[in-house]
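Worksheet for the structure shown next.
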Amino acid sequence: MYRQLIEQHIEEVNVQRDARPQNSLKEPTIIEHKEQKKSSEKPVTIIVEKPAKVAEKPKTTSSEKENAVPVDPLARKIIDETSRLSDRQRDVLQKTFAPILQDCVRNGLKIFVRLFSEYPRYKLIWPQFRAIPDSSLMNAVELRRHASVYLNGLGKIIDSMRDEEALGKSMSRIAVAHIKWNVQRNHVIHMIEPVLEVVKECNGYQLDDETRQAWTVLYQVIADLIEVFRCRALND
């Protein structure tokens, strides 16, 4: 009887084994092994350095361009004209003008009398001179007053020779003042010779080429600036 029990037990075990699924015997072990293998591997971290950014130049926006201060063409023209006078010429002008100031009114009268004798119609430019006879012009109060104002204005130009900004302002002031009397470029150019004669008389009757050139350039600059301001006035 004992042998029958053993055989019955073995048969039950065989029946239970046959009833189990075929893939359930070894597959779980294989799966567990793969998972353990995966988990045992250490992740590899790869560091990629990004290239440094090249600094870009700041771009000017349209609003900045609109707000930019433009160069004044008139100011540029004044600088261009006054820069025609070299340092040496400015020294010559200051040196040779000093003796003229010792008798400002008389020397100014000489300049205008010689100008009007060479160009009689120029007397008509100034209304206060029109009714004065030529014979009385030298002693006329109106001409004496104008001669003093003229040389004082010229003196301000000469005094500002070492200050470019002040020189430009003095030149501009003289140019604007002459426009209202309809003084034109050729009128100023024709004053060069009478001025040079007075310069010569007041400097020991010595007038070298350097002095002549310095005064000629000065009056050319004044004449050119008068035309610059005249054109501006017409355009405005």
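A note on labels: chains of the structure tokens are A, B, ... as shown, every chain counts residues from 1, and ligands are counted from 1 in their shown order.
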A:Ile179 environment, 7 Å, only C-alpha atoms, sequence neighbours closer than 3 positions dropped, as a CSV table (one decimal) with N, CA, C and O atoms, in the first residue's frame:
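Generated file (part00.csv):
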```
chain,number,residue,atom,x,y,z
A,175,ALA,N,30.7,139.8,-42.5
A,175,ALA,CA,30.1,139.5,-43.8
A,175,ALA,C,28.6,139.8,-43.8
A,175,ALA,O,28.0,140.3,-44.7
A,176,VAL,N,27.9,139.4,-42.7
A,176,VAL,CA,26.5,139.7,-42.5
A,176,VAL,C,26.2,141.2,-42.6
A,176,VAL,O,25.2,141.7,-43.2
A,182,ASN,N,24.3,145.7,-49.5
A,182,ASN,CA,24.5,145.1,-50.9
A,182,ASN,C,25.9,145.2,-51.3
A,182,ASN,O,26.2,145.4,-52.5
A,183,VAL,N,26.8,145.0,-50.3
A,183,VAL,CA,28.2,145.0,-50.7
A,183,VAL,C,28.5,143.6,-51.2
A,183,VAL,O,28.2,142.6,-50.6
A,226,ILE,N,31.2,136.7,-47.6
A,226,ILE,CA,30.1,137.6,-47.9
A,226,ILE,C,29.2,136.9,-48.9
A,226,ILE,O,27.9,136.9,-48.8
A,230,ARG,N,25.4,135.7,-48.5
A,230,ARG,CA,24.4,136.2,-49.4
A,230,ARG,C,23.6,135.0,-50.0
A,230,ARG,O,22.3,135.1,-50.1
```
Please, which residues in stretch 71-115 of chain A fall within 12 Å of stretch 209-212 of chain A when counting only C-alpha atoms, and what is the closest atom pair and distance in Å to one decimal for each, ordered by chain then residue number, as a tab-separated table?
```
residue	atom	partner	partner_atom	distance
A:Ser86	CA	A:Glu210	CA	11.4
A:Arg88	CA	A:Glu210	CA	9.2
A:Gln89	CA	A:Thr211	CA	7.6
A:Arg90	CA	A:Thr211	CA	10.0
A:Asp91	CA	A:Thr211	CA	9.9
A:Val92	CA	A:Thr211	CA	6.3
A:Leu93	CA	A:Thr211	CA	7.4
A:Gln94	CA	A:Thr211	CA	10.6
A:Lys95	CA	A:Thr211	CA	9.7
A:Thr96	CA	A:Thr211	CA	7.9
A:Phe97	CA	A:Thr211	CA	10.6
```
Please provide the set of residues having any atom within 12 Å of A:Gly155, restricted to only C-alpha atoms, with same-chain residues fewer than 6 positions apart removed, written as a ChimeraX atom specification.
/A:93-102,104,108,148-149,161,167,170-171,174
A:Gln128, A:Ser135, A:Ser117, A:Gln220: which is nearest A:Gln184, counting only C-alpha atoms?
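Residue with the minimum atom-to-atom distance to A:Gln184: A:Gln220.
Closest approach to A:Leu137 from the set A:Tyr150, A:Phe116, A:Tyr219, A:Tyr122 is made by A:Phe116, with distances taken over only C-alpha atoms.
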Name the residues in contact with A:Glu118 at a cut-off of 12 Å, using only C-alpha atoms, excluding same-chain residues fewer than 2 positions from it; report them as a PDB file with N, CA, C and O atoms, in the first residue's frame.
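Saved the output as around.pdb:
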```
ATOM      1  N   ILE A 111      41.704 154.998 -46.588  1.00  0.00           N
ATOM      2  CA  ILE A 111      41.273 153.808 -47.334  1.00  0.00           C
ATOM      3  C   ILE A 111      40.037 154.126 -48.176  1.00  0.00           C
ATOM      4  O   ILE A 111      39.985 153.818 -49.380  1.00  0.00           O
ATOM      5  N   PHE A 112      39.029 154.781 -47.570  1.00  0.00           N
ATOM      6  CA  PHE A 112      37.777 155.032 -48.290  1.00  0.00           C
ATOM      7  C   PHE A 112      37.925 156.132 -49.331  1.00  0.00           C
ATOM      8  O   PHE A 112      37.307 156.064 -50.409  1.00  0.00           O
ATOM      9  N   VAL A 113      38.715 157.129 -49.050  1.00  0.00           N
ATOM     10  CA  VAL A 113      38.915 158.181 -50.049  1.00  0.00           C
ATOM     11  C   VAL A 113      39.597 157.606 -51.281  1.00  0.00           C
ATOM     12  O   VAL A 113      39.229 157.934 -52.429  1.00  0.00           O
ATOM     13  N   ARG A 114      40.573 156.762 -51.082  1.00  0.00           N
ATOM     14  CA  ARG A 114      41.256 156.147 -52.226  1.00  0.00           C
ATOM     15  C   ARG A 114      40.330 155.182 -52.964  1.00  0.00           C
ATOM     16  O   ARG A 114      40.386 155.073 -54.198  1.00  0.00           O
ATOM     17  N   LEU A 115      39.485 154.490 -52.217  1.00  0.00           N
ATOM     18  CA  LEU A 115      38.528 153.586 -52.860  1.00  0.00           C
ATOM     19  C   LEU A 115      37.538 154.371 -53.719  1.00  0.00           C
ATOM     20  O   LEU A 115      37.280 154.005 -54.875  1.00  0.00           O
ATOM     21  N   PHE A 116      36.992 155.478 -53.180  1.00  0.00           N
ATOM     22  CA  PHE A 116      35.993 156.247 -53.901  1.00  0.00           C
ATOM     23  C   PHE A 116      36.604 157.010 -55.074  1.00  0.00           C
ATOM     24  O   PHE A 116      35.929 157.268 -56.086  1.00  0.00           O
ATOM     25  N   PRO A 120      34.250 155.738 -58.095  1.00  0.00           N
ATOM     26  CA  PRO A 120      33.333 156.768 -57.570  1.00  0.00           C
ATOM     27  C   PRO A 120      31.929 156.246 -57.281  1.00  0.00           C
ATOM     28  O   PRO A 120      31.281 156.713 -56.335  1.00  0.00           O
ATOM     29  N   ARG A 121      31.469 155.316 -58.063  1.00  0.00           N
ATOM     30  CA  ARG A 121      30.096 154.805 -57.871  1.00  0.00           C
ATOM     31  C   ARG A 121      29.944 154.040 -56.563  1.00  0.00           C
ATOM     32  O   ARG A 121      28.816 153.829 -56.095  1.00  0.00           O
ATOM     33  N   TYR A 122      31.048 153.607 -55.967  1.00  0.00           N
ATOM     34  CA  TYR A 122      30.959 152.864 -54.708  1.00  0.00           C
ATOM     35  C   TYR A 122      30.433 153.740 -53.572  1.00  0.00           C
ATOM     36  O   TYR A 122      29.922 153.240 -52.574  1.00  0.00           O
ATOM     37  N   LYS A 123      30.550 155.067 -53.746  1.00  0.00           N
ATOM     38  CA  LYS A 123      30.042 155.971 -52.705  1.00  0.00           C
ATOM     39  C   LYS A 123      28.526 155.848 -52.560  1.00  0.00           C
ATOM     40  O   LYS A 123      27.956 156.124 -51.488  1.00  0.00           O
ATOM     41  N   HIS A 187      33.411 144.295 -54.552  1.00  0.00           N
ATOM     42  CA  HIS A 187      33.636 145.523 -53.782  1.00  0.00           C
ATOM     43  C   HIS A 187      34.756 145.318 -52.761  1.00  0.00           C
ATOM     44  O   HIS A 187      35.614 146.195 -52.583  1.00  0.00           O
ATOM     45  N   HIS A 190      38.208 144.980 -54.422  1.00  0.00           N
ATOM     46  CA  HIS A 190      38.745 146.269 -54.878  1.00  0.00           C
ATOM     47  C   HIS A 190      39.282 147.115 -53.725  1.00  0.00           C
ATOM     48  O   HIS A 190      39.953 148.130 -53.966  1.00  0.00           O
ATOM     49  N   MET A 191      39.020 146.722 -52.499  1.00  0.00           N
ATOM     50  CA  MET A 191      39.559 147.453 -51.350  1.00  0.00           C
ATOM     51  C   MET A 191      40.980 147.001 -51.012  1.00  0.00           C
ATOM     52  O   MET A 191      41.656 147.658 -50.202  1.00  0.00           O
ATOM     53  N   GLU A 193      43.863 147.036 -52.674  1.00  0.00           N
ATOM     54  CA  GLU A 193      44.934 147.979 -53.009  1.00  0.00           C
ATOM     55  C   GLU A 193      44.933 149.210 -52.099  1.00  0.00           C
ATOM     56  O   GLU A 193      46.006 149.605 -51.604  1.00  0.00           O
ATOM     57  N   PRO A 194      43.783 149.867 -51.848  1.00  0.00           N
ATOM     58  CA  PRO A 194      43.798 150.984 -50.895  1.00  0.00           C
ATOM     59  C   PRO A 194      44.278 150.576 -49.504  1.00  0.00           C
ATOM     60  O   PRO A 194      45.010 151.338 -48.852  1.00  0.00           O
TER      61      PRO A 194
END
```
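Across the model, the gap from atom CA of A:Ser136 to atom CA of A:Asp103 is 20.3 Å.
The two atoms in question, atom CA of A:Glu164 and atom CA of A:Ser83, are spaced 8.3 Å apart.
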Separation of atom CA of A:Val198 and atom CA of A:Asp87, in Å?
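Interatomic distance, atom CA of A:Val198 to atom CA of A:Asp87: 22.8 Å.
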Out of stretch 184-229 of chain A, which residues get alpha helix (DSSP H) from DSSP, as a PyMOL selection string?
chain A and resi 185-189+192-202+209-229
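Proximity ranking of A:Asp224, A:Asp134, A:Glu197, A:Asp208 relative to A:Ser172 places A:Asp224 first, based on only C-alpha atoms.
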Which one of A:Asp159, A:Ile125, A:Ile222, A:Asn107 sits closest to A:Glu201 if you count only C-alpha atoms?
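Closest to A:Glu201, using only C-alpha atoms: A:Asn107.
Minimum distance to A:Phe229 across A:Ala177, A:Leu143, A:Leu124, A:Val199 (counting only C-alpha atoms) occurs at A:Ala177.
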